[in-house]
file run-v3.txt (compact mmCIF, C-alpha atoms)
# COMPACT_ATOMS: atom_id res chain seq x y z
CA MET A 1 155.97 92.69 60.67
CA LYS A 2 159.31 91.04 60.00
CA ILE A 3 159.95 89.46 56.64
CA SER A 4 162.80 87.50 58.13
CA HIS A 5 165.02 87.53 61.18
CA SER A 6 168.11 89.68 60.90
CA GLY A 7 171.63 88.31 60.91
CA SER A 8 173.75 86.30 58.49
CA ASN A 9 171.53 83.21 58.76
CA PRO A 10 168.08 84.05 57.32
CA ARG A 11 165.07 82.54 59.07
CA PRO A 12 161.38 82.55 58.10
CA GLY A 13 159.44 85.70 58.90
CA GLU A 14 155.71 86.31 59.15
CA ILE A 15 154.86 85.68 55.50
CA SER A 16 156.60 82.30 55.48
CA LEU A 17 155.08 81.36 58.83
CA ALA A 18 151.71 82.08 57.19
CA HIS A 19 152.43 79.63 54.33
CA ASN A 20 149.24 77.73 53.39
CA GLY A 21 147.35 79.91 55.85
CA THR A 22 146.15 83.48 56.31
CA LEU A 23 148.18 86.64 56.92
CA PHE A 24 146.08 89.44 58.41
CA LEU A 25 147.43 92.99 58.43
CA ASP A 26 145.37 95.57 60.33
CA GLU A 27 145.78 99.32 59.62
CA LEU A 28 147.54 98.52 56.34
CA PRO A 29 148.70 102.09 55.49
CA GLU A 30 150.50 102.33 58.85
CA PHE A 31 153.04 99.66 57.87
CA ASP A 32 156.37 100.80 56.50
CA ARG A 33 156.02 101.08 52.72
CA LYS A 34 159.22 99.08 52.12
CA VAL A 35 157.76 96.21 54.14
CA LEU A 36 154.51 96.29 52.18
CA GLU A 37 156.33 96.29 48.86
CA VAL A 38 158.10 93.06 49.82
CA LEU A 39 154.68 91.39 49.78
CA ARG A 40 154.44 91.80 46.00
CA GLU A 41 156.80 88.92 45.17
CA PRO A 42 155.21 86.21 47.35
CA LEU A 43 151.68 87.28 46.37
CA GLU A 44 152.67 86.66 42.77
CA THR A 45 154.95 83.63 43.06
CA GLY A 46 154.17 81.96 46.40
CA HIS A 47 157.74 82.19 47.68
CA ILE A 48 160.17 84.79 49.03
CA THR A 49 163.92 85.05 48.49
CA ILE A 50 166.05 86.45 51.32
CA SER A 51 169.58 87.50 50.44
CA ARG A 52 172.40 88.02 52.90
CA ALA A 53 176.11 88.61 52.36
CA ALA A 54 176.94 84.96 52.99
CA ARG A 55 173.97 83.19 51.43
CA GLN A 56 170.60 83.36 49.69
CA VAL A 57 167.58 81.38 50.90
CA ASP A 58 164.22 80.76 49.28
CA PHE A 59 161.24 80.28 51.64
CA PRO A 60 157.70 79.13 50.78
CA ALA A 61 155.15 81.92 51.22
CA ARG A 62 151.83 81.04 49.62
CA PHE A 63 149.31 82.69 51.92
CA GLN A 64 145.90 84.33 51.84
CA LEU A 65 146.38 88.04 52.49
CA ILE A 66 143.59 89.84 54.33
CA ALA A 67 144.15 93.49 55.20
CA ALA A 68 142.08 96.24 56.80
CA MET A 69 142.37 100.00 56.60
CA ASN A 70 140.31 103.08 57.38
CA PRO A 71 138.70 104.87 54.42
CA CYS A 72 140.45 108.11 55.37
CA PRO A 73 142.79 109.52 58.06
CA CYS A 74 139.98 110.14 60.55
CA GLY A 75 138.17 106.89 59.71
CA PHE A 76 134.70 108.34 59.11
CA LEU A 77 134.60 108.94 55.34
CA GLY A 78 131.13 108.05 54.06
CA ASP A 79 129.69 107.62 57.57
CA ALA A 80 126.11 108.83 57.93
CA SER A 81 127.09 110.86 60.99
CA GLY A 82 128.94 113.35 58.78
CA ARG A 83 131.88 113.42 61.19
CA CYS A 84 134.50 113.22 58.43
CA HIS A 85 136.11 116.53 57.47
CA CYS A 86 139.02 115.10 55.50
CA THR A 87 139.72 116.76 52.15
CA SER A 88 140.06 114.78 48.92
CA GLU A 89 143.79 115.51 48.96
CA GLN A 90 144.15 114.11 52.50
CA VAL A 91 142.24 110.97 51.55
CA MET A 92 144.36 110.46 48.43
CA ARG A 93 147.62 110.92 50.36
CA TYR A 94 146.44 108.45 52.99
CA ARG A 95 145.46 105.79 50.46
CA ALA A 96 148.66 106.38 48.47
CA ARG A 97 150.62 104.85 51.34
CA VAL A 98 149.56 101.53 49.79
CA SER A 99 151.02 101.39 46.30
CA GLY A 100 149.06 100.65 43.14
CA PRO A 101 151.17 97.57 42.30
CA LEU A 102 150.35 96.04 45.71
CA LEU A 103 146.62 96.82 45.40
CA ASP A 104 146.75 95.29 41.94
CA ARG A 105 147.59 91.97 43.57
CA ILE A 106 144.64 92.09 45.99
CA ASP A 107 141.58 90.58 44.32
CA MET A 108 138.85 92.16 46.42
CA HIS A 109 138.62 95.67 47.89
CA LEU A 110 135.50 95.83 50.04
CA GLU A 111 133.85 98.66 51.93
CA VAL A 112 132.48 97.59 55.32
CA PRO A 113 129.88 100.09 56.59
CA ARG A 114 129.14 100.60 60.26
CA ILE A 115 126.52 98.17 61.56
CA SER A 116 123.46 99.75 63.16
CA HIS A 117 122.65 99.21 66.82
CA GLU A 118 119.45 97.43 65.80
CA VAL A 119 121.31 94.86 63.69
CA LEU A 120 123.85 94.38 66.47
CA ARG A 121 121.02 93.72 68.92
CA LYS A 122 118.58 91.74 66.77
CA GLY A 123 120.72 90.41 63.94
CA SER A 124 120.16 90.86 60.20
CA PRO A 125 116.49 91.01 59.11
CA ASP A 126 117.37 88.74 56.19
CA GLY A 127 118.70 86.10 58.54
CA GLU A 128 122.28 84.95 59.00
CA GLU A 129 124.12 81.96 57.59
CA SER A 130 125.96 79.79 60.04
CA SER A 131 129.67 79.12 59.60
CA GLU A 132 128.79 75.53 58.68
CA GLN A 133 126.50 76.70 55.88
CA ILE A 134 129.11 79.08 54.50
CA ARG A 135 131.79 76.40 54.69
CA ALA A 136 129.58 73.95 52.78
CA ARG A 137 129.08 76.48 49.96
CA VAL A 138 132.80 77.25 49.78
CA VAL A 139 133.80 73.57 49.75
CA ALA A 140 131.26 72.83 47.01
CA ALA A 141 132.61 75.72 44.89
CA ARG A 142 136.20 74.65 45.40
CA ASN A 143 135.34 71.08 44.44
CA LEU A 144 133.86 72.37 41.17
CA ALA A 145 137.06 74.27 40.43
CA VAL A 146 139.30 71.30 41.23
CA ALA A 147 137.14 68.95 39.13
CA ARG A 148 137.43 71.42 36.22
CA SER A 149 141.15 72.16 36.25
CA GLY A 150 142.76 70.19 39.07
CA LYS A 151 143.40 73.35 41.09
CA ALA A 152 141.73 76.30 42.77
CA ASN A 153 140.67 79.14 40.48
CA SER A 154 143.22 81.46 42.11
CA ALA A 155 146.03 79.22 40.86
CA LEU A 156 145.00 79.32 37.19
CA THR A 157 147.64 80.49 34.74
CA ALA A 158 146.92 83.17 32.13
CA LYS A 159 146.55 80.43 29.50
CA GLU A 160 144.12 78.49 31.70
CA VAL A 161 142.10 81.64 32.40
CA LYS A 162 141.63 82.11 28.67
CA GLN A 163 140.47 78.51 28.30
CA LEU A 164 138.25 78.23 31.38
CA CYS A 165 136.96 81.73 32.16
CA ILE A 166 134.95 82.26 28.99
CA LEU A 167 132.69 85.30 28.69
CA SER A 168 129.80 86.14 26.41
CA GLU A 169 130.24 89.06 24.02
CA PRO A 170 128.15 91.45 26.20
CA SER A 171 130.23 90.48 29.24
CA HIS A 172 133.45 91.08 27.29
CA LEU A 173 132.19 94.57 26.49
CA ILE A 174 131.44 95.28 30.16
CA LEU A 175 134.94 94.16 31.19
CA GLU A 176 136.58 96.22 28.44
CA GLN A 177 134.64 99.31 29.58
CA ALA A 178 135.73 98.73 33.18
CA MET A 179 139.35 98.31 32.09
CA ASP A 180 139.26 101.64 30.25
CA LYS A 181 137.26 103.54 32.89
CA PHE A 182 139.38 102.51 35.87
CA GLY A 183 142.71 102.03 34.10
CA LEU A 184 142.98 98.40 35.19
CA SER A 185 146.13 96.42 34.42
CA HIS A 186 146.44 93.10 32.62
CA ARG A 187 147.04 91.52 36.03
CA ALA A 188 143.74 92.92 37.29
CA TYR A 189 142.02 91.65 34.13
CA HIS A 190 143.03 88.07 34.87
CA ARG A 191 142.25 88.40 38.57
CA ILE A 192 138.75 89.70 37.81
CA LEU A 193 138.11 86.74 35.51
CA LYS A 194 139.29 84.24 38.14
CA LEU A 195 137.13 85.91 40.76
CA ALA A 196 134.13 85.90 38.42
CA ARG A 197 134.69 82.18 37.82
CA THR A 198 134.69 81.61 41.60
CA ILE A 199 131.49 83.66 42.05
CA ALA A 200 129.87 81.54 39.33
CA ASP A 201 131.02 78.37 41.11
CA LEU A 202 129.51 79.60 44.38
CA ALA A 203 126.25 80.04 42.48
CA GLN A 204 126.63 76.51 41.01
CA SER A 205 126.62 78.07 37.54
CA GLU A 206 128.38 76.32 34.67
CA ASN A 207 129.00 79.59 32.85
CA ILE A 208 130.23 82.99 33.98
CA GLU A 209 127.15 85.16 33.59
CA THR A 210 127.12 88.94 33.37
CA VAL A 211 125.93 89.20 36.98
CA HIS A 212 128.96 87.22 38.16
CA LEU A 213 131.39 89.39 36.19
CA SER A 214 129.72 92.61 37.36
CA GLU A 215 130.04 91.49 40.97
CA ALA A 216 133.74 90.71 40.50
CA ILE A 217 134.35 94.15 38.97
CA SER A 218 132.44 95.85 41.79
CA TYR A 219 134.96 94.53 44.30
CA ARG A 220 137.78 96.63 42.81
CA LYS A 221 136.80 99.61 45.01
CA LEU A 222 140.28 101.09 45.46
CA ASP A 223 140.89 101.23 41.72
CA ARG A 224 138.46 104.14 41.65
CA LYS A 225 139.44 107.73 42.30
CA VAL A 226 138.34 109.43 45.54
call {"tool": "encode", "arguments": {"input": "run-v3.txt", "output": "structure tokens"}}
result
Amino acid sequence: MKISHSGSNPRPGEISLAHNGTLFLDELPEFDRKVLEVLREPLETGHITISRAARQVDFPARFQLIAAMNPCPCGFLGDASGRCHCTSEQVMRYRARVSGPLLDRIDMHLEVPRISHEVLRKGSPDGEESSEQIRARVVAARNLAVARSGKANSALTAKEVKQLCILSEPSHLILEQAMDKFGLSHRAYHRILKLARTIADLAQSENIETVHLSEAISYRKLDRKV
């Protein structure tokens, strides 16, 4: 992945070409660490500054980052087959290729288990939503957010999060316990609240309930130790 073209005249690279779209990075730990660290600025600010000897250029780079990685070097950690023989140290070294500050800027860390042959053949026993149904739910949730603050929940400032992502006292206690247990940063605190607000909007709930907050916290999988 190129951040920009080389030479004295900077040109947009992949993250700017993904502006207002999606940037997908497969096998995330296999990317050069210096390249991955460059993602921190645009994920936070929505733009990237490229400096050359002759000039400095600022490019727009507000994108949705989606990344995939194996759970361990062999790829079978947690698989029911028992094929994984990676040690805890090997797993930690592998995951450490992606820095904590970068993970801190990724709202959701999800584990995707292997799908059984039966589900592949017959589909989910609980039924499957169509893309149109999912899109309708997402649009409805986004409309709620825009009607509330004039912007998507992801774009809320820290001050707006405090005003709009209000928790009950029991929910505050749950979040404080998660912060202490997993050593979460202030950035993660605000991102969890914005995600909880979005989960509540998807459920058409006026308030952020404990179940919405708990779900948001559960998505911080890589904040936990191996």
call {"tool": "residues_around", "arguments": {"input": "run-v3.txt", "residues": "His109 in chain A", "least_positions_apart": "6", "cutoff": "8 Å", "atoms": "all atoms listed in the file", "output": "list in words"}}
result
Tyr219, Arg220, Lys221 and Leu222 of chain A
call {"tool": "residues_around", "arguments": {"input": "run-v3.txt", "residues": "Cys72 in chain A", "least_positions_apart": "5", "cutoff": "10 Å", "atoms": "only C-alpha atoms", "output": "JSON list (two decimals) with C-alpha atoms, keeping the file's coordinate frame"}}
result
[["chain", "number", "residue", "atom", "x", "y", "z"],
["A", 77, "LEU", "CA", 134.60, 108.94, 55.34],
["A", 78, "GLY", "CA", 131.13, 108.05, 54.06],
["A", 84, "CYS", "CA", 134.50, 113.22, 58.43],
["A", 85, "HIS", "CA", 136.11, 116.53, 57.47],
["A", 86, "CYS", "CA", 139.02, 115.10, 55.50],
["A", 87, "THR", "CA", 139.72, 116.76, 52.15],
["A", 88, "SER", "CA", 140.06, 114.78, 48.92],
["A", 90, "GLN", "CA", 144.15, 114.11, 52.50],
["A", 91, "VAL", "CA", 142.24, 110.97, 51.55],
["A", 92, "MET", "CA", 144.36, 110.46, 48.43],
["A", 93, "ARG", "CA", 147.62, 110.92, 50.36],
["A", 94, "TYR", "CA", 146.44, 108.45, 52.99],
["A", 95, "ARG", "CA", 145.46, 105.79, 50.46]]
call {"tool": "atom_distance", "arguments": {"input": "run-v3.txt", "atom1": "CA of Lys34 in chain A", "atom2": "CA of Ala54 in chain A"}}
result
22.7 Å
call {"tool": "closest_residue", "arguments": {"input": "run-v3.txt", "among": "A:Ala145, A:Val57, A:Leu43, A:Leu36", "to": "Pro10 in chain A", "atoms": "all atoms listed in the file"}}
result
A:Val57
call {"tool": "closest_atom_pairs", "arguments": {"input": "run-v3.txt", "of": "range 95-116 of chain A", "to": "range 176-194 of chain A", "cutoff": "8 Å", "atoms": "all atoms listed in the file", "output": "JSON lines"}}
result
{"residue": "A:Asp104", "atom": "CA", "partner": "A:Ala188", "partner_atom": "CA", "distance": 6.0}
{"residue": "A:Arg105", "atom": "CA", "partner": "A:Ala188", "partner_atom": "CA", "distance": 7.4}
{"residue": "A:Asp107", "atom": "CA", "partner": "A:Arg191", "partner_atom": "CA", "distance": 6.2}
call {"tool": "closest_residue", "arguments": {"input": "run-v3.txt", "among": "A:Leu120, A:Leu28, A:Glu41, A:His47", "to": "Pro12 in chain A", "atoms": "only C-alpha atoms"}}
result
A:His47
call {"tool": "closest_residue", "arguments": {"input": "run-v3.txt", "among": "A:Asp26, A:Asp32, A:Glu169, A:Glu160", "to": "Glu209 in chain A", "atoms": "only C-alpha atoms"}}
result
A:Glu169
call {"tool": "closest_residue", "arguments": {"input": "run-v3.txt", "among": "A:Ala61, A:Met69, A:Leu173, A:Ala216", "to": "Glu27 in chain A", "atoms": "all atoms listed in the file"}}
result
A:Met69
call {"tool": "axis_aligned_box", "arguments": {"input": "run-v3.txt", "around": "range 137-152 of chain A", "padding_each_side": "4 Å", "output": "JSON"}}
result
{"center_x": 136.2, "center_y": 73.1, "center_z": 43.1, "size_x": 22.3, "size_y": 16.3, "size_z": 21.7}
call {"tool": "closest_residue", "arguments": {"input": "run-v3.txt", "among": "A:Ser130, A:Ser16, A:Ser81, A:Asn9", "to": "Arg55 in chain A", "atoms": "all atoms listed in the file"}}
result
A:Asn9
call {"tool": "closest_residue", "arguments": {"input": "run-v3.txt", "among": "A:Arg142, A:Arg197, A:Arg135, A:Arg97", "to": "Leu167 in chain A", "atoms": "only C-alpha atoms"}}
result
A:Arg197
call {"tool": "residues_near_point", "arguments": {"input": "run-v3.txt", "point": "(130.6, 79.4, 30.4)", "cutoff": "9 Å", "atoms": "all atoms listed in the file", "output": "compact mmCIF listing (two decimals) with C-alpha atoms, in the coordinates of the input"}}
result
# COMPACT_ATOMS: atom_id res chain seq x y z
CA LEU A 164 138.25 78.23 31.38
CA CYS A 165 136.96 81.73 32.16
CA ILE A 166 134.95 82.26 28.99
CA LEU A 167 132.69 85.30 28.69
CA SER A 168 129.80 86.14 26.41
CA ARG A 197 134.69 82.18 37.82
CA SER A 205 126.62 78.07 37.54
CA GLU A 206 128.38 76.32 34.67
CA ASN A 207 129.00 79.59 32.85
CA ILE A 208 130.23 82.99 33.98
CA GLU A 209 127.15 85.16 33.59
call {"tool": "residues_around", "arguments": {"input": "run-v3.txt", "residues": "Pro113 in chain A", "least_positions_apart": "3", "cutoff": "12 Å", "atoms": "only C-alpha atoms", "output": "list in words"}}
result
Asn70, Pro71, Gly75, Phe76, Leu77, Gly78, Asp79, Ala80, Ser81, Leu110 and Ser116 of chain A
call {"tool": "residues_around", "arguments": {"input": "run-v3.txt", "residues": "Gln204 in chain A", "least_positions_apart": "6", "cutoff": "12 Å", "atoms": "only C-alpha atoms", "output": "list in words"}}
result
Arg137, Val138, Val139, Ala140, Ala141, Arg142, Asn143, Leu144, Ala145, Arg197, Thr198 and His212 of chain A
call {"tool": "atom_distance", "arguments": {"input": "run-v3.txt", "atom1": "CA of Leu17 in chain A", "atom2": "CA of Arg33 in chain A"}}
result
20.7 Å
call {"tool": "residues_around", "arguments": {"input": "run-v3.txt", "residues": "Leu39 in chain A", "least_positions_apart": "6", "cutoff": "12 Å", "atoms": "all atoms listed in the file", "output": "PyMOL selection string"}}
result
chain A and resi 1-3+13-16+23+25+31-33+45-49+61-65+98-99+101-106
call {"tool": "atom_distance", "arguments": {"input": "run-v3.txt", "atom1": "CA of Glu128 in chain A", "atom2": "CA of Ile115 in chain A"}}
result
14.1 Å
call {"tool": "build_atoms", "arguments": {"input": "run-v3.txt", "residues": "range 129-164 of chain A", "atoms": "N, CA and C atoms", "output": "PDB file, in the frame of the given file"}}
result
ATOM      1  N   GLU A 129     123.617  83.308  57.853  1.00  0.00           N
ATOM      2  CA  GLU A 129     124.120  81.960  57.590  1.00  0.00           C
ATOM      3  C   GLU A 129     125.059  81.547  58.723  1.00  0.00           C
ATOM      4  N   SER A 130     125.014  80.303  59.058  1.00  0.00           N
ATOM      5  CA  SER A 130     125.960  79.790  60.040  1.00  0.00           C
ATOM      6  C   SER A 130     127.303  79.538  59.353  1.00  0.00           C
ATOM      7  N   SER A 131     128.350  79.422  60.146  1.00  0.00           N
ATOM      8  CA  SER A 131     129.670  79.120  59.600  1.00  0.00           C
ATOM      9  C   SER A 131     129.663  77.784  58.846  1.00  0.00           C
ATOM     10  N   GLU A 132     128.884  76.831  59.339  1.00  0.00           N
ATOM     11  CA  GLU A 132     128.790  75.530  58.680  1.00  0.00           C
ATOM     12  C   GLU A 132     128.163  75.662  57.295  1.00  0.00           C
ATOM     13  N   GLN A 133     127.142  76.496  57.174  1.00  0.00           N
ATOM     14  CA  GLN A 133     126.500  76.700  55.880  1.00  0.00           C
ATOM     15  C   GLN A 133     127.441  77.375  54.890  1.00  0.00           C
ATOM     16  N   ILE A 134     128.157  78.375  55.371  1.00  0.00           N
ATOM     17  CA  ILE A 134     129.110  79.080  54.500  1.00  0.00           C
ATOM     18  C   ILE A 134     130.224  78.129  54.067  1.00  0.00           C
ATOM     19  N   ARG A 135     130.722  77.351  55.002  1.00  0.00           N
ATOM     20  CA  ARG A 135     131.790  76.400  54.690  1.00  0.00           C
ATOM     21  C   ARG A 135     131.332  75.402  53.631  1.00  0.00           C
ATOM     22  N   ALA A 136     130.095  74.927  53.744  1.00  0.00           N
ATOM     23  CA  ALA A 136     129.580  73.950  52.780  1.00  0.00           C
ATOM     24  C   ALA A 136     129.536  74.558  51.373  1.00  0.00           C
ATOM     25  N   ARG A 137     129.125  75.820  51.264  1.00  0.00           N
ATOM     26  CA  ARG A 137     129.080  76.480  49.960  1.00  0.00           C
ATOM     27  C   ARG A 137     130.484  76.659  49.385  1.00  0.00           C
ATOM     28  N   VAL A 138     131.429  77.036  50.234  1.00  0.00           N
ATOM     29  CA  VAL A 138     132.800  77.250  49.780  1.00  0.00           C
ATOM     30  C   VAL A 138     133.438  75.931  49.334  1.00  0.00           C
ATOM     31  N   VAL A 139     133.243  74.880  50.110  1.00  0.00           N
ATOM     32  CA  VAL A 139     133.800  73.570  49.750  1.00  0.00           C
ATOM     33  C   VAL A 139     133.212  73.079  48.434  1.00  0.00           C
ATOM     34  N   ALA A 140     131.904  73.261  48.253  1.00  0.00           N
ATOM     35  CA  ALA A 140     131.260  72.830  47.010  1.00  0.00           C
ATOM     36  C   ALA A 140     131.833  73.594  45.808  1.00  0.00           C
ATOM     37  N   ALA A 141     132.052  74.912  45.976  1.00  0.00           N
ATOM     38  CA  ALA A 141     132.610  75.720  44.890  1.00  0.00           C
ATOM     39  C   ALA A 141     134.046  75.320  44.583  1.00  0.00           C
ATOM     40  N   ARG A 142     134.815  75.060  45.621  1.00  0.00           N
ATOM     41  CA  ARG A 142     136.200  74.650  45.400  1.00  0.00           C
ATOM     42  C   ARG A 142     136.259  73.292  44.702  1.00  0.00           C
ATOM     43  N   ASN A 143     135.363  72.397  45.088  1.00  0.00           N
ATOM     44  CA  ASN A 143     135.340  71.080  44.440  1.00  0.00           C
ATOM     45  C   ASN A 143     135.031  71.201  42.948  1.00  0.00           C
ATOM     46  N   LEU A 144     134.152  72.132  42.592  1.00  0.00           N
ATOM     47  CA  LEU A 144     133.860  72.370  41.170  1.00  0.00           C
ATOM     48  C   LEU A 144     135.112  72.827  40.431  1.00  0.00           C
ATOM     49  N   ALA A 145     135.849  73.750  41.062  1.00  0.00           N
ATOM     50  CA  ALA A 145     137.060  74.270  40.430  1.00  0.00           C
ATOM     51  C   ALA A 145     138.104  73.174  40.257  1.00  0.00           C
ATOM     52  N   VAL A 146     138.308  72.369  41.290  1.00  0.00           N
ATOM     53  CA  VAL A 146     139.300  71.300  41.230  1.00  0.00           C
ATOM     54  C   VAL A 146     138.906  70.246  40.203  1.00  0.00           C
ATOM     55  N   ALA A 147     137.610  69.926  40.119  1.00  0.00           N
ATOM     56  CA  ALA A 147     137.140  68.950  39.130  1.00  0.00           C
ATOM     57  C   ALA A 147     137.354  69.486  37.708  1.00  0.00           C
ATOM     58  N   ARG A 148     137.279  70.809  37.540  1.00  0.00           N
ATOM     59  CA  ARG A 148     137.430  71.420  36.220  1.00  0.00           C
ATOM     60  C   ARG A 148     138.883  71.478  35.767  1.00  0.00           C
ATOM     61  N   SER A 149     139.765  71.889  36.670  1.00  0.00           N
ATOM     62  CA  SER A 149     141.150  72.160  36.250  1.00  0.00           C
ATOM     63  C   SER A 149     142.211  71.487  37.102  1.00  0.00           C
ATOM     64  N   GLY A 150     141.791  70.823  38.194  1.00  0.00           N
ATOM     65  CA  GLY A 150     142.760  70.190  39.070  1.00  0.00           C
ATOM     66  C   GLY A 150     143.375  71.131  40.078  1.00  0.00           C
ATOM     67  N   LYS A 151     142.853  72.348  40.163  1.00  0.00           N
ATOM     68  CA  LYS A 151     143.400  73.350  41.090  1.00  0.00           C
ATOM     69  C   LYS A 151     142.337  74.386  41.415  1.00  0.00           C
ATOM     70  N   ALA A 152     142.622  75.198  42.440  1.00  0.00           N
ATOM     71  CA  ALA A 152     141.730  76.300  42.770  1.00  0.00           C
ATOM     72  C   ALA A 152     141.773  77.358  41.680  1.00  0.00           C
ATOM     73  N   ASN A 153     140.711  78.117  41.517  1.00  0.00           N
ATOM     74  CA  ASN A 153     140.670  79.140  40.480  1.00  0.00           C
ATOM     75  C   ASN A 153     141.798  80.166  40.634  1.00  0.00           C
ATOM     76  N   SER A 154     142.168  80.468  41.870  1.00  0.00           N
ATOM     77  CA  SER A 154     143.220  81.460  42.110  1.00  0.00           C
ATOM     78  C   SER A 154     144.566  81.045  41.546  1.00  0.00           C
ATOM     79  N   ALA A 155     144.748  79.736  41.336  1.00  0.00           N
ATOM     80  CA  ALA A 155     146.030  79.220  40.860  1.00  0.00           C
ATOM     81  C   ALA A 155     146.084  79.062  39.341  1.00  0.00           C
ATOM     82  N   LEU A 156     145.030  79.453  38.649  1.00  0.00           N
ATOM     83  CA  LEU A 156     145.000  79.320  37.190  1.00  0.00           C
ATOM     84  C   LEU A 156     146.050  80.215  36.538  1.00  0.00           C
ATOM     85  N   THR A 157     146.706  79.690  35.519  1.00  0.00           N
ATOM     86  CA  THR A 157     147.640  80.490  34.740  1.00  0.00           C
ATOM     87  C   THR A 157     146.876  81.357  33.746  1.00  0.00           C
ATOM     88  N   ALA A 158     147.565  82.302  33.116  1.00  0.00           N
ATOM     89  CA  ALA A 158     146.920  83.170  32.130  1.00  0.00           C
ATOM     90  C   ALA A 158     146.327  82.346  30.986  1.00  0.00           C
ATOM     91  N   LYS A 159     147.036  81.299  30.570  1.00  0.00           N
ATOM     92  CA  LYS A 159     146.550  80.430  29.500  1.00  0.00           C
ATOM     93  C   LYS A 159     145.295  79.692  29.935  1.00  0.00           C
ATOM     94  N   GLU A 160     145.287  79.213  31.178  1.00  0.00           N
ATOM     95  CA  GLU A 160     144.120  78.490  31.700  1.00  0.00           C
ATOM     96  C   GLU A 160     142.927  79.422  31.885  1.00  0.00           C
ATOM     97  N   VAL A 161     143.184  80.671  32.271  1.00  0.00           N
ATOM     98  CA  VAL A 161     142.100  81.640  32.400  1.00  0.00           C
ATOM     99  C   VAL A 161     141.408  81.834  31.055  1.00  0.00           C
ATOM    100  N   LYS A 162     142.194  81.928  30.008  1.00  0.00           N
ATOM    101  CA  LYS A 162     141.630  82.110  28.670  1.00  0.00           C
ATOM    102  C   LYS A 162     140.780  80.916  28.259  1.00  0.00           C
ATOM    103  N   GLN A 163     141.187  79.726  28.678  1.00  0.00           N
ATOM    104  CA  GLN A 163     140.470  78.510  28.300  1.00  0.00           C
ATOM    105  C   GLN A 163     139.225  78.261  29.154  1.00  0.00           C
ATOM    106  N   LEU A 164     139.290  78.630  30.434  1.00  0.00           N
ATOM    107  CA  LEU A 164     138.250  78.230  31.380  1.00  0.00           C
ATOM    108  C   LEU A 164     137.332  79.355  31.852  1.00  0.00           C
TER     109      LEU A 164
END
